[in-house]
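Undergrad: My structure is stored as upload-v2.tsv, with TSV, C-alpha atoms.
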chain	number	residue	atom	x	y	z
D	66	MET	CA	145.03	-83.04	14.86
D	67	GLU	CA	142.07	-81.71	16.83
D	68	TYR	CA	143.10	-83.85	19.80
D	69	ILE	CA	146.63	-82.47	19.68
D	70	SER	CA	145.31	-78.93	19.42
D	71	ALA	CA	143.03	-79.51	22.41
D	72	MET	CA	145.89	-80.93	24.43
D	73	LEU	CA	148.16	-78.02	23.53
D	74	PHE	CA	145.45	-75.54	24.51
D	75	LYS	CA	145.14	-77.21	27.93
D	76	THR	CA	148.84	-76.55	28.53
D	77	THR	CA	148.34	-72.80	28.15
D	78	GLY	CA	147.32	-70.41	30.89
D	79	LEU	CA	144.22	-69.43	28.94
D	80	PHE	CA	142.61	-72.81	29.63
D	81	HIS	CA	143.07	-72.38	33.37
D	82	LEU	CA	142.10	-68.71	33.52
D	83	THR	CA	139.35	-67.83	36.03
D	84	PHE	CA	137.27	-64.71	36.57
D	85	PRO	CA	138.77	-64.04	40.06
D	86	MET	CA	142.22	-63.94	38.45
D	87	VAL	CA	141.02	-61.28	36.03
D	88	ILE	CA	139.70	-59.24	38.96
D	89	MET	CA	143.15	-59.41	40.56
D	90	TRP	CA	144.72	-58.23	37.29
D	91	ILE	CA	142.44	-55.19	37.42
D	92	ILE	CA	143.45	-54.51	41.02
D	93	GLY	CA	147.13	-54.81	40.11
D	94	LEU	CA	146.72	-52.52	37.10
D	95	THR	CA	144.87	-50.01	39.29
D	96	LEU	CA	147.79	-49.85	41.71
D	97	ILE	CA	150.21	-49.38	38.82
D	98	TYR	CA	147.99	-46.59	37.44
D	99	LEU	CA	147.89	-44.84	40.82
D	100	ALA	CA	151.66	-45.15	41.12
D	101	ILE	CA	152.40	-43.76	37.65
D	102	SER	CA	149.58	-41.31	37.06
D	103	LYS	CA	148.87	-40.06	40.59
D	104	ASP	CA	152.36	-40.58	42.10
D	105	TYR	CA	150.88	-42.53	45.06
D	106	GLU	CA	153.85	-44.23	46.78
D	107	PRO	CA	155.21	-45.33	43.36
D	108	MET	CA	158.33	-46.99	44.79
D	109	LEU	CA	156.15	-49.63	46.44
D	110	LEU	CA	152.75	-49.61	44.74
D	111	LEU	CA	154.24	-50.16	41.27
D	112	PRO	CA	156.15	-53.38	42.13
D	113	ILE	CA	153.29	-54.52	44.39
D	114	GLY	CA	150.81	-54.04	41.53
D	115	PHE	CA	153.04	-55.96	39.13
D	116	GLY	CA	153.51	-58.71	41.73
D	117	ILE	CA	149.72	-59.06	42.01
D	118	ILE	CA	149.41	-59.49	38.25
D	119	VAL	CA	152.12	-62.10	37.75
D	120	ALA	CA	151.03	-64.09	40.83
D	121	ASN	CA	147.58	-64.43	39.30
D	122	LEU	CA	148.71	-65.60	35.88
D	123	PRO	CA	147.69	-69.29	35.65
D	124	LEU	CA	150.48	-71.89	35.49
D	125	ALA	CA	153.19	-69.23	35.91
D	126	GLY	CA	154.17	-70.84	39.20
D	127	LEU	CA	156.01	-67.81	40.51
D	128	MET	CA	154.67	-68.40	44.04
D	129	THR	CA	155.00	-72.21	43.99
D	130	PRO	CA	156.69	-73.28	47.25
D	131	GLU	CA	160.37	-74.24	46.88
D	132	GLU	CA	160.41	-73.53	43.13
D	133	GLY	CA	158.74	-70.20	42.32
D	134	LEU	CA	160.97	-67.17	41.85
D	135	LEU	CA	158.79	-64.78	43.85
D	136	TRP	CA	158.26	-67.44	46.52
D	137	LYS	CA	162.03	-67.47	47.01
D	138	PHE	CA	162.04	-63.67	47.31
D	139	TYR	CA	159.29	-63.94	49.91
D	140	GLN	CA	160.74	-66.88	51.82
D	141	TYR	CA	164.33	-65.71	52.08
D	142	GLY	CA	163.73	-61.97	52.08
D	143	ILE	CA	160.53	-61.39	54.04
D	144	HIS	CA	159.73	-64.61	55.92
D	145	TRP	CA	163.33	-64.79	57.13
D	146	GLU	CA	163.01	-61.15	58.27
D	147	ILE	CA	165.83	-59.75	56.15
D	148	ILE	CA	164.29	-57.12	53.88
D	149	PRO	CA	162.23	-55.01	56.36
D	150	PRO	CA	165.19	-54.52	58.74
D	151	VAL	CA	167.48	-53.63	55.81
D	152	ILE	CA	164.95	-51.04	54.72
D	153	PHE	CA	165.11	-49.62	58.24
D	154	LEU	CA	168.88	-49.36	57.84
D	155	GLY	CA	168.30	-47.08	54.85
D	156	LEU	CA	165.59	-45.12	56.64
D	157	GLY	CA	167.91	-44.57	59.60
D	158	ALA	CA	170.58	-43.22	57.27
D	159	LEU	CA	168.02	-40.77	55.87
D	160	THR	CA	166.69	-39.63	59.26
D	161	ASP	CA	167.73	-36.48	61.09
D	162	PHE	CA	166.90	-36.74	64.79
D	163	GLY	CA	168.02	-33.15	65.36
D	164	PRO	CA	164.50	-31.63	65.71
D	165	LEU	CA	163.57	-34.34	68.23
D	166	ILE	CA	166.76	-33.95	70.25
D	167	ALA	CA	166.32	-30.17	70.33
D	168	ASN	CA	162.78	-30.52	71.69
D	169	PRO	CA	162.56	-33.90	73.49
D	170	ARG	CA	158.98	-33.44	74.69
D	171	LEU	CA	157.84	-33.92	71.08
D	172	ILE	CA	158.61	-37.62	71.47
D	173	PHE	CA	155.37	-37.89	73.45
D	174	LEU	CA	153.44	-36.82	70.35
D	175	GLY	CA	155.01	-39.68	68.42
D	176	ALA	CA	153.87	-42.03	71.17
D	177	GLY	CA	150.42	-40.44	71.43
D	178	ALA	CA	149.80	-40.86	67.73
D	179	GLN	CA	149.95	-44.63	68.21
D	180	GLY	CA	146.56	-44.46	69.92
D	181	GLY	CA	144.85	-45.44	66.69
D	182	VAL	CA	146.88	-48.65	66.61
D	183	TYR	CA	145.47	-49.82	69.94
D	184	VAL	CA	141.92	-48.54	69.34
D	185	THR	CA	141.77	-50.46	66.07
D	186	PHE	CA	143.30	-53.55	67.66
D	187	PHE	CA	140.44	-53.73	70.17
D	188	ALA	CA	137.83	-52.84	67.52
D	189	ALA	CA	139.08	-55.55	65.15
D	190	THR	CA	138.93	-58.29	67.74
D	191	ALA	CA	135.89	-57.22	69.79
D	192	ILE	CA	133.62	-55.95	67.00
D	193	MET	CA	134.84	-57.51	63.74
D	194	GLY	CA	135.77	-60.90	65.15
D	195	PHE	CA	139.39	-61.07	63.97
D	196	ASP	CA	141.67	-63.12	66.18
D	197	LEU	CA	144.27	-61.31	68.30
D	198	LYS	CA	147.17	-61.79	65.88
D	199	GLU	CA	145.14	-60.57	62.91
D	200	ALA	CA	143.82	-57.63	64.93
D	201	ALA	CA	147.35	-56.58	65.90
D	202	THR	CA	148.46	-56.73	62.27
D	203	ILE	CA	145.51	-54.61	61.16
D	204	GLY	CA	145.96	-52.14	64.00
D	205	ILE	CA	149.59	-51.43	63.14
D	206	ILE	CA	148.41	-49.91	59.84
D	207	GLY	CA	147.50	-46.86	61.94
D	208	GLY	CA	151.19	-46.17	62.43
D	209	ALA	CA	151.45	-45.46	58.67
D	210	ASP	CA	154.71	-47.43	58.50
D	211	GLY	CA	154.81	-49.91	55.64
D	212	PRO	CA	157.96	-51.91	56.57
D	213	THR	CA	156.80	-52.32	60.18
D	214	THR	CA	153.38	-53.48	58.98
D	215	ILE	CA	155.03	-56.05	56.73
D	216	PHE	CA	157.40	-57.16	59.50
D	217	LEU	CA	154.55	-57.70	61.97
D	218	ALA	CA	152.25	-59.36	59.41
D	219	THR	CA	154.97	-61.85	58.50
D	220	LYS	CA	155.27	-62.81	62.17
D	221	LEU	CA	151.63	-62.85	63.24
D	222	ALA	CA	149.31	-63.10	60.22
D	223	PRO	CA	151.11	-63.92	56.93
D	224	GLN	CA	147.76	-64.57	55.25
D	225	LEU	CA	147.02	-60.84	55.63
D	226	LEU	CA	150.45	-59.63	54.50
D	227	GLY	CA	149.56	-58.35	51.03
D	228	THR	CA	146.27	-56.77	52.06
D	229	CYS	CA	147.73	-54.97	55.10
D	230	ALA	CA	150.78	-53.81	53.14
D	231	VAL	CA	148.67	-52.32	50.36
D	232	ALA	CA	146.39	-50.66	52.92
D	233	ALA	CA	149.37	-49.18	54.81
D	234	TYR	CA	151.07	-47.79	51.72
D	235	SER	CA	147.78	-46.57	50.26
D	236	TYR	CA	146.96	-44.56	53.37
D	237	MET	CA	150.53	-43.24	53.52
D	238	ALA	CA	150.05	-41.93	49.99
D	239	LEU	CA	146.71	-40.40	50.96
D	240	VAL	CA	148.08	-38.47	53.97
D	241	PRO	CA	147.58	-35.10	52.19
D	242	ILE	CA	143.92	-35.99	51.62
D	243	ILE	CA	142.99	-37.76	54.87
D	244	GLN	CA	144.73	-35.66	57.51
D	245	PRO	CA	143.92	-31.97	56.74
D	246	PRO	CA	140.13	-32.21	57.34
D	247	ILE	CA	140.75	-33.98	60.67
D	248	MET	CA	143.36	-31.41	61.66
D	249	ARG	CA	141.02	-28.50	60.91
D	250	LEU	CA	138.16	-30.18	62.76
D	251	MET	CA	140.23	-30.87	65.87
D	252	THR	CA	141.88	-27.43	66.16
D	253	THR	CA	140.80	-23.79	66.18
D	254	VAL	CA	142.32	-21.17	63.91
D	255	GLU	CA	144.05	-19.62	66.91
D	256	GLU	CA	145.58	-22.95	67.86
D	257	ARG	CA	146.86	-23.43	64.32
D	258	LYS	CA	148.52	-20.01	64.56
D	259	ILE	CA	150.61	-20.94	67.61
D	260	ARG	CA	154.28	-20.38	66.86
D	261	MET	CA	156.83	-22.70	68.34
D	262	THR	CA	159.74	-21.29	70.33
D	263	LYS	CA	163.03	-21.37	68.47
D	264	SER	CA	164.86	-24.67	68.88
D	265	ARG	CA	168.38	-24.78	70.22
D	266	LYS	CA	171.28	-25.90	68.09
D	267	VAL	CA	171.99	-29.61	68.50
D	268	LYS	CA	175.63	-30.63	68.96
D	269	LYS	CA	177.22	-33.37	66.87
D	270	LEU	CA	177.99	-35.42	69.98
D	271	GLU	CA	174.29	-35.46	70.88
D	272	LYS	CA	173.40	-36.76	67.43
D	273	ILE	CA	176.00	-39.53	67.74
D	274	LEU	CA	174.89	-40.53	71.23
D	275	PHE	CA	171.17	-40.56	70.38
D	276	PRO	CA	171.13	-43.77	68.26
D	277	LEU	CA	173.44	-45.52	70.73
D	278	VAL	CA	171.40	-44.62	73.81
D	279	SER	CA	168.11	-45.33	71.99
D	280	THR	CA	169.36	-48.78	71.01
D	281	PHE	CA	170.14	-49.69	74.62
D	282	VAL	CA	166.95	-48.26	76.09
D	283	ILE	CA	164.41	-49.48	73.52
D	284	ILE	CA	165.78	-52.99	73.02
D	285	LEU	CA	166.21	-53.53	76.77
D	286	LEU	CA	162.58	-52.50	77.33
D	287	VAL	CA	161.05	-54.12	74.20
D	288	PRO	CA	163.43	-56.89	73.00
D	289	ALA	CA	161.07	-57.96	70.21
D	290	SER	CA	161.68	-54.62	68.47
D	291	ALA	CA	165.41	-55.40	68.12
D	292	PRO	CA	165.57	-56.29	64.37
D	293	LEU	CA	164.05	-53.00	63.26
D	294	ILE	CA	165.44	-50.70	65.97
D	295	ALA	CA	168.99	-52.07	65.69
D	296	MET	CA	169.15	-51.50	61.94
D	297	PHE	CA	167.36	-48.14	62.15
D	298	MET	CA	169.82	-46.80	64.70
D	299	LEU	CA	172.84	-48.29	62.90
D	300	GLY	CA	171.81	-46.45	59.74
D	301	ASN	CA	171.48	-43.23	61.72
D	302	LEU	CA	174.91	-43.80	63.28
D	303	PHE	CA	176.33	-44.15	59.76
D	304	ARG	CA	174.82	-40.74	58.98
D	305	GLU	CA	175.87	-38.86	62.08
D	306	SER	CA	179.34	-40.33	62.64
D	307	GLY	CA	180.72	-38.63	59.53
D	308	VAL	CA	183.40	-41.29	59.05
D	309	VAL	CA	181.62	-43.90	56.89
D	310	GLU	CA	180.23	-41.77	54.08
D	311	ARG	CA	180.39	-44.64	51.59
D	312	LEU	CA	178.29	-46.86	53.87
D	313	ASN	CA	175.91	-43.99	54.56
D	314	HIS	CA	175.49	-43.27	50.84
D	315	ALA	CA	175.01	-46.95	49.98
D	316	SER	CA	172.41	-47.37	52.76
D	317	GLN	CA	170.45	-44.33	51.57
D	318	ASN	CA	170.57	-45.16	47.87
D	319	GLU	CA	171.71	-48.41	46.24
D	320	LEU	CA	170.89	-50.78	49.10
D	321	LEU	CA	167.54	-49.16	49.91
D	322	ASN	CA	166.52	-49.15	46.24
D	323	ILE	CA	167.46	-52.80	45.73
D	324	VAL	CA	165.61	-54.13	48.77
D	325	THR	CA	162.57	-52.00	47.89
D	326	ILE	CA	162.27	-53.95	44.63
D	327	PHE	CA	162.57	-57.29	46.43
D	328	LEU	CA	160.00	-56.15	49.00
D	329	GLY	CA	157.25	-54.95	46.65
D	330	LEU	CA	157.17	-57.88	44.23
D	331	PRO	CA	156.71	-60.74	46.74
D	332	VAL	CA	154.30	-58.71	48.87
D	333	GLY	CA	152.09	-58.23	45.83
D	334	ALA	CA	152.53	-61.88	44.89
D	335	THR	CA	150.98	-62.99	48.20
D	336	MET	CA	147.69	-61.47	47.02
D	337	ASN	CA	146.28	-64.33	45.01
D	338	ALA	CA	142.58	-64.38	44.20
D	339	GLU	CA	141.80	-67.07	46.75
D	340	ASN	CA	143.22	-65.08	49.66
D	341	PHE	CA	142.31	-61.55	48.60
D	342	LEU	CA	138.78	-61.79	47.24
D	343	GLN	CA	137.09	-62.27	50.60
D	344	PRO	CA	134.65	-60.03	52.55
D	345	LYS	CA	137.13	-59.55	55.39
D	346	VAL	CA	139.49	-57.70	53.04
D	347	ILE	CA	137.01	-54.81	52.91
D	348	PHE	CA	136.92	-54.77	56.71
D	349	ILE	CA	140.72	-54.61	56.81
D	350	PHE	CA	140.79	-51.50	54.61
D	351	VAL	CA	138.02	-49.88	56.69
D	352	LEU	CA	139.78	-50.70	59.95
D	353	GLY	CA	143.08	-49.49	58.53
D	354	LEU	CA	141.51	-46.14	57.70
D	355	LEU	CA	139.97	-46.04	61.19
D	356	ALA	CA	143.41	-46.66	62.69
D	357	PHE	CA	144.94	-43.86	60.66
D	358	ILE	CA	142.18	-41.40	61.59
D	359	PHE	CA	142.38	-42.20	65.31
D	360	SER	CA	146.17	-41.94	65.27
D	361	THR	CA	145.86	-38.43	63.88
D	362	ILE	CA	143.21	-37.52	66.46
D	363	THR	CA	145.06	-38.91	69.48
D	364	GLY	CA	148.25	-37.10	68.49
D	365	ILE	CA	146.42	-33.76	68.32
D	366	VAL	CA	144.54	-34.38	71.56
D	367	LEU	CA	147.78	-35.20	73.40
D	368	ALA	CA	149.36	-31.96	72.15
D	369	LYS	CA	146.38	-30.04	73.56
D	370	LEU	CA	146.68	-31.82	76.90
D	371	MET	CA	150.39	-31.01	77.07
D	372	ASN	CA	149.56	-27.34	76.51
D	373	LEU	CA	147.49	-27.33	79.71
D	374	PHE	CA	150.70	-27.90	81.71
D	375	SER	CA	153.22	-26.06	79.57
D	376	LYS	CA	154.33	-22.44	79.40
D	377	ASN	CA	155.78	-22.85	75.92
D	378	LYS	CA	152.74	-23.90	73.92
D	379	ILE	CA	152.88	-26.61	71.28
D	380	ASN	CA	151.02	-26.08	68.04
D	381	PRO	CA	148.48	-28.97	68.22
D	382	LEU	CA	148.95	-29.64	64.52
D	383	LEU	CA	152.29	-31.22	65.40
D	384	GLY	CA	150.39	-34.09	67.00
D	385	ALA	CA	149.20	-35.16	63.56
D	386	ALA	CA	152.82	-35.57	62.48
D	387	GLY	CA	153.18	-38.36	65.05
D	388	VAL	CA	152.13	-40.91	62.45
D	389	SER	CA	155.32	-42.23	60.93
D	390	ALA	CA	154.69	-41.30	57.29
D	391	VAL	CA	158.04	-39.51	56.99
D	392	PRO	CA	158.30	-36.75	55.84
D	393	MET	CA	154.86	-36.47	54.25
D	394	ALA	CA	152.93	-36.01	57.51
D	395	ALA	CA	155.33	-33.23	58.56
D	396	ARG	CA	154.82	-31.46	55.24
D	397	VAL	CA	151.04	-31.67	55.62
D	398	VAL	CA	151.28	-30.16	59.11
D	399	HIS	CA	153.34	-27.29	57.73
D	400	LYS	CA	150.88	-26.73	54.90
D	401	VAL	CA	147.84	-26.57	57.18
D	402	GLY	CA	149.73	-24.27	59.56
D	403	VAL	CA	150.62	-21.88	56.74
D	404	GLU	CA	146.96	-21.67	55.77
D	405	ALA	CA	146.28	-20.06	59.16
D	406	ASP	CA	149.49	-18.00	59.36
D	407	LYS	CA	151.69	-17.59	56.30
D	408	LYS	CA	154.73	-16.85	58.47
D	409	ASN	CA	154.32	-19.87	60.74
D	410	TYR	CA	157.07	-22.30	59.74
D	411	LEU	CA	156.27	-25.70	61.28
D	412	LEU	CA	158.11	-28.17	59.04
D	413	MET	CA	161.26	-28.67	61.11
D	414	TYR	CA	159.28	-28.81	64.36
D	415	ALA	CA	156.92	-31.39	62.83
D	416	MET	CA	159.87	-33.60	61.92
D	417	GLY	CA	160.39	-34.21	65.66
D	418	PRO	CA	157.14	-36.09	66.31
D	419	ASN	CA	157.33	-37.51	62.78
D	420	VAL	CA	160.54	-39.46	63.42
D	421	ALA	CA	159.35	-40.22	66.97
D	422	GLY	CA	156.32	-41.84	65.34
D	423	VAL	CA	158.59	-44.26	63.49
D	424	ILE	CA	160.08	-45.37	66.80
D	425	GLY	CA	156.64	-45.47	68.43
D	426	THR	CA	155.22	-47.75	65.73
D	427	VAL	CA	158.16	-50.15	66.01
D	428	ILE	CA	157.71	-50.26	69.80
D	429	ALA	CA	153.98	-50.96	69.33
D	430	ALA	CA	154.84	-53.81	66.96
D	431	GLY	CA	157.37	-55.12	69.47
D	432	ILE	CA	154.76	-55.10	72.24
D	433	PHE	CA	152.34	-57.05	70.05
D	434	LEU	CA	155.06	-59.58	69.22
D	435	SER	CA	156.01	-59.97	72.87
D	436	LEU	CA	152.41	-60.63	73.91
D	437	LEU	CA	151.10	-62.64	70.96
D	438	SER	CA	153.97	-64.58	69.41
What would the structure in this file look like if it were written as C-alpha cells?

TA:
Amino acid sequence: MEYISAMLFKTTGLFHLTFPMVIMWIIGLTLIYLAISKDYEPMLLLPIGFGIIVANLPLAGLMTPEEGLLWKFYQYGIHWEIIPPVIFLGLGALTDFGPLIANPRLIFLGAGAQGGVYVTFFAATAIMGFDLKEAATIGIIGGADGPTTIFLATKLAPQLLGTCAVAAYSYMALVPIIQPPIMRLMTTVEERKIRMTKSRKVKKLEKILFPLVSTFVIILLVPASAPLIAMFMLGNLFRESGVVERLNHASQNELLNIVTIFLGLPVGATMNAENFLQPKVIFIFVLGLLAFIFSTITGIVLAKLMNLFSKNKINPLLGAAGVSAVPMAARVVHKVGVEADKKNYLLMYAMGPNVAGVIGTVIAAGIFLSLLS
C-alpha cells in the first residue's frame, strides 16, 4: 500500500514542484494583481500573468511541443505571425489619422521618438554584450508598442519573447508615471504654455487616401514591415471608407478582443522558470526603461529643433507623444500642458505624433528585420 501511495504521489505535480516554479507563480500573480487592482494594461497583463502560472505548473504540459494547448496557440498564432498583424488590423480600425494629416510635420516627432530604440540597440550590444538580434528586440521596447515588440521578438529572439513583451506592456502602463518628470525636466514653463495654431479641417477623401498612399510608400521602402503596415492600413481603410461598418466594428471589437486573449496566454507561457530566472532578464528591463526614457527625450529635443526653423511653434511636449502608446501618451502630454496653462488643449494635436509613433516603431522593426534576419 505504501508503495502504491508513493507511486501515485510521483504522478502528481507536487512531486515535481521546484522553487523556481513557485517564484514564477509569484511573478504571474503579481501581474494579475497589477492588472486588476492597479488597472495596468489589464487586457494583456492579466492573460500574460495567468499564462506564466499555468506554464510553470509541473506536468501540465501546456507548452509541450506538438501537444500542449498553449504551444499550439504560440506556434500557429504567434510563430506563424498571425496574431500581431490581426491586432494591427483592429488598431488601424481604431485610429484616426486626422490630426496627423492636418499637421503633417508632426510625423517627424513620431520618427524622432524612435531615437531611444536605436540608442538602446547600441547600448545592449556594445555595453551589455547581447547579440545583434537580441539587442534589436530589446531596443524596440522603446517604441512602447507591444504587438510590434512581440512580432520582432518572434522573428529575431524568441527566447526573449515573454520578457520583452512584459517589459513593453509594463512601461506602456507606466507612461503616466515615467514621462511627466522627463517632460518637465526637458522643457521650460513657457515652452509648455505654447499654444498650437488651429488645425484645418481634414476632408474625407484625404482620410481615405492616407492609408492607401502610406501602404505603397512604407512597404516599398521597408518591405519587411509589410505584415503589420498592411493590416494596420487596411483596418484604417475599413474605418474611413464608411461602407464596411460591420467589418470596421468587428475589427475594433470582437476580432481584436479574441486575438488579444490568444496573444497574452502563449506569451506568458513562454516565460518558464528556466528561461526567465536569469541575470540578463534584469538587464532587459533596465534597458527597456532606458529605451523608453530616451525615446521621450529625443522626441522633445526634435520638437525644440524644429522650432528653431519654424514660425508656427510646436509645443515641445508633443514630442513625448511620439512613443506609440496610443492614446495614453497623448493624454499625458495634455495633462502636463494643462498644468502650465489650463486653457491649453493639446490632446488632439498630441494624437498626431502619437499615431505617427506607431508607424515609426513598425518601420524601425522592419529595418531591424531587413538587416538582421

Undergrad: By how many Å are atom CA of Leu99 of chain D and atom CA of Ile326 of chain D apart?

TA: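 Answer for the atom CA of Leu99 of chain D to atom CA of Ile326 of chain D separation: 17.4 Å.
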
Undergrad: Using only C-alpha atoms, I'd like a table of the residues in segment 148-176 of chain D that come within 10 Å of segment 208-226 of chain D; for each, show the closest atom pair and its distance in Å rounded to one decimal, ordered by chain and ascending number, as JSON lines.

TA:
{"residue": "D:Ile148", "atom": "CA", "partner": "D:Pro212", "partner_atom": "CA", "distance": 8.6}
{"residue": "D:Pro149", "atom": "CA", "partner": "D:Pro212", "partner_atom": "CA", "distance": 5.3}
{"residue": "D:Pro150", "atom": "CA", "partner": "D:Pro212", "partner_atom": "CA", "distance": 8.0}
{"residue": "D:Val151", "atom": "CA", "partner": "D:Pro212", "partner_atom": "CA", "distance": 9.7}
{"residue": "D:Ile152", "atom": "CA", "partner": "D:Pro212", "partner_atom": "CA", "distance": 7.3}
{"residue": "D:Phe153", "atom": "CA", "partner": "D:Pro212", "partner_atom": "CA", "distance": 7.7}
{"residue": "D:Gly175", "atom": "CA", "partner": "D:Gly208", "partner_atom": "CA", "distance": 9.6}

Undergrad: Mind dumping a table of every segment 157-217 of chain D residue within 12 Å of segment 379-398 of chain D, with the nearest atom pair and its distance in Å to one decimal, using all atoms listed in the file, sorted by chain and rising number, as a Markdown table?

TA:
| residue | atom | partner | partner_atom | distance |
| --- | --- | --- | --- | --- |
| D:Gly157 | CA | D:Val391 | CA | 11.4 |
| D:Leu159 | CA | D:Val391 | CA | 10.1 |
| D:Thr160 | CA | D:Val391 | CA | 8.9 |
| D:Asp161 | CA | D:Pro392 | CA | 10.8 |
| D:Pro164 | CA | D:Ala395 | CA | 11.7 |
| D:Leu165 | CA | D:Gly387 | CA | 11.6 |
| D:Asn168 | CA | D:Ile379 | CA | 10.7 |
| D:Arg170 | CA | D:Ile379 | CA | 9.8 |
| D:Leu171 | CA | D:Leu383 | CA | 8.4 |
| D:Ile172 | CA | D:Gly387 | CA | 8.4 |
| D:Phe173 | CA | D:Gly387 | CA | 8.7 |
| D:Leu174 | CA | D:Gly384 | CA | 5.3 |
| D:Gly175 | CA | D:Gly387 | CA | 4.1 |
| D:Ala176 | CA | D:Gly387 | CA | 7.2 |
| D:Gly177 | CA | D:Gly387 | CA | 7.3 |
| D:Ala178 | CA | D:Gly387 | CA | 5.0 |
| D:Gln179 | CA | D:Val388 | CA | 7.2 |
| D:Gly180 | CA | D:Val388 | CA | 10.0 |
| D:Gly181 | CA | D:Val388 | CA | 9.6 |
| D:Val182 | CA | D:Val388 | CA | 10.2 |
| D:Ile205 | CA | D:Val388 | CA | 10.8 |
| D:Ile206 | CA | D:Val388 | CA | 10.1 |
| D:Gly207 | CA | D:Val388 | CA | 7.6 |
| D:Gly208 | CA | D:Val388 | CA | 5.3 |
| D:Ala209 | CA | D:Ala390 | CA | 5.5 |
| D:Asp210 | CA | D:Ser389 | CA | 5.8 |
| D:Gly211 | CA | D:Ala390 | CA | 8.8 |
| D:Pro212 | CA | D:Ser389 | CA | 10.9 |
| D:Thr213 | CA | D:Ser389 | CA | 10.2 |
| D:Thr214 | CA | D:Ser389 | CA | 11.6 |

Undergrad: Looking at D:Leu154, D:Ile97, D:Leu111, D:Ala167, which one is nearest to Lys269 of chain D, with distances taken over all atoms listed in the file?

TA: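 That would be D:Ala167, the residue with the smallest distance to Lys269 of chain D.
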
Undergrad: As lines of an AutoDock Vina configuration file, please report the centre and edge lengths, rounded to one decimal in Å, of the axis-aligned box that holds all listed atoms of segment 242-257 of chain D with 6 Å of padding on each of the six sides.

TA:
center_x = 142.5
center_y = -28.7
center_z = 59.7
size_x = 20.7
size_y = 30.1
size_z = 28.2

Undergrad: With only C-alpha atoms as the atoms that count, which of D:Met416, D:Ile347, D:Ala232, D:Ala430 lies nearest to Val287 of chain D?

TA: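 Among the listed residues, the smallest separation from Val287 of chain D belongs to D:Ala430.
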
Undergrad: With distances taken over all atoms listed in the file, which residue among D:Ser279, D:Thr83, D:Ser102, D:Thr185 lies nearest Ala421 of chain D?

TA: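 Nearest candidate to Ala421 of chain D out of D:Ser279, D:Thr83, D:Ser102, D:Thr185: D:Ser279.
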
Undergrad: State, in Å with one decimal place, the distance from atom CA of Ile362 of chain D to atom CA of Asn301 of chain D.

TA: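 Atom-to-atom, atom CA of Ile362 of chain D to atom CA of Asn301 of chain D, that is 29.2 Å.
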
Undergrad: Tell me which protein, DNA and RNA residues are within 8 Å of segment 130-141 of chain D, counting all atoms listed in the file, leaving out same-chain ones fewer than 5 positions away, and put them as a count of residues only.

TA: 8

Undergrad: Compile the contact shell of Ala315 of chain D as a PDB file with C-alpha atoms, keeping the file's coordinate frame: residues with an atom at most 12 Å away, counting only C-alpha atoms, same-chain residues fewer than 5 positions apart removed.

TA:
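Output below, filename around20.pdb:
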ATOM      1  CA  VAL D 151     167.480 -53.630  55.810  1.00  0.00           C
ATOM      2  CA  ILE D 152     164.950 -51.040  54.720  1.00  0.00           C
ATOM      3  CA  LEU D 154     168.880 -49.360  57.840  1.00  0.00           C
ATOM      4  CA  GLY D 155     168.300 -47.080  54.850  1.00  0.00           C
ATOM      5  CA  LEU D 156     165.590 -45.120  56.640  1.00  0.00           C
ATOM      6  CA  ALA D 158     170.580 -43.220  57.270  1.00  0.00           C
ATOM      7  CA  LEU D 159     168.020 -40.770  55.870  1.00  0.00           C
ATOM      8  CA  GLY D 300     171.810 -46.450  59.740  1.00  0.00           C
ATOM      9  CA  PHE D 303     176.330 -44.150  59.760  1.00  0.00           C
ATOM     10  CA  ARG D 304     174.820 -40.740  58.980  1.00  0.00           C
ATOM     11  CA  VAL D 309     181.620 -43.900  56.890  1.00  0.00           C
ATOM     12  CA  GLU D 310     180.230 -41.770  54.080  1.00  0.00           C
ATOM     13  CA  LEU D 320     170.890 -50.780  49.100  1.00  0.00           C
ATOM     14  CA  LEU D 321     167.540 -49.160  49.910  1.00  0.00           C
ATOM     15  CA  ASN D 322     166.520 -49.150  46.240  1.00  0.00           C
ATOM     16  CA  ILE D 323     167.460 -52.800  45.730  1.00  0.00           C
ATOM     17  CA  VAL D 324     165.610 -54.130  48.770  1.00  0.00           C
TER      18      VAL D 324
END

Undergrad: Residues at most 7 Å from His399 of chain D, counting all atoms listed in the file, excluding those fewer than 3 positions away in the same chain, as a list in words?

TA: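 Listing them by chain and then by number gives Ala395, Arg396, Gly402, Val403, Tyr410, Leu411 and Leu412 of chain D.
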
Undergrad: Write out as a tab-separated table the residues of segment 90-201 of chain D that have any atom within 12 Å of an atom of segment 236-239 of chain D, one row each with the nearest atom pair and its distance in Å to one decimal, counting all atoms listed in the file, sorted by chain and then rising number.

TA:
residue	atom	partner	partner_atom	distance
D:Leu96	CA	D:Ala238	CA	11.7
D:Leu99	CA	D:Ala238	CA	9.9
D:Ala100	CA	D:Ala238	CA	9.6
D:Lys103	CA	D:Ala238	CA	9.7
D:Asp104	CA	D:Ala238	CA	8.3
D:Tyr105	CA	D:Ala238	CA	5.0
D:Glu106	CA	D:Ala238	CA	5.5
D:Pro107	CA	D:Ala238	CA	9.1
D:Met108	CA	D:Ala238	CA	11.0
D:Leu109	CA	D:Ala238	CA	10.4
D:Leu110	CA	D:Ala238	CA	9.7

Undergrad: Which distance in Å separates atom CA of Thr253 of chain D and atom CA of Gly425 of chain D, to one decimal?

TA: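 It comes out at 26.9 Å.
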
Undergrad: Need the shell around segment 190-198 of chain D: protein/DNA/RNA residues with any atom at most 9 Å away, counting only C-alpha atoms. Skip same-chain ones fewer than 2 positions apart. Format as a list of chain:residue names?

TA: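 Contacts, in chain order: D:Thr185, D:Phe186, D:Phe187, D:Ala188, D:Ala200, D:Ala201, D:Thr202, D:Ile203, D:Ala218, D:Lys220, D:Leu221, D:Ala222, D:Lys345, D:Phe348, D:Phe433, D:Leu434, D:Leu437, D:Ser438.
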
Undergrad: Return the single residue from D:Met371, D:Ile118, D:Met251, D:Leu436 that is closest to Ile88 of chain D, with distances computed using only C-alpha atoms.

TA: D:Ile118

Undergrad: Kindly indicate which residue among D:Gly307, D:Gly431, D:Pro246, D:Pro344 lies nearest to Lys272 of chain D, using all atoms listed in the file for the distances.

TA: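 Looking only at the distances to Lys272 of chain D, the closest residue turns out to be D:Gly307.
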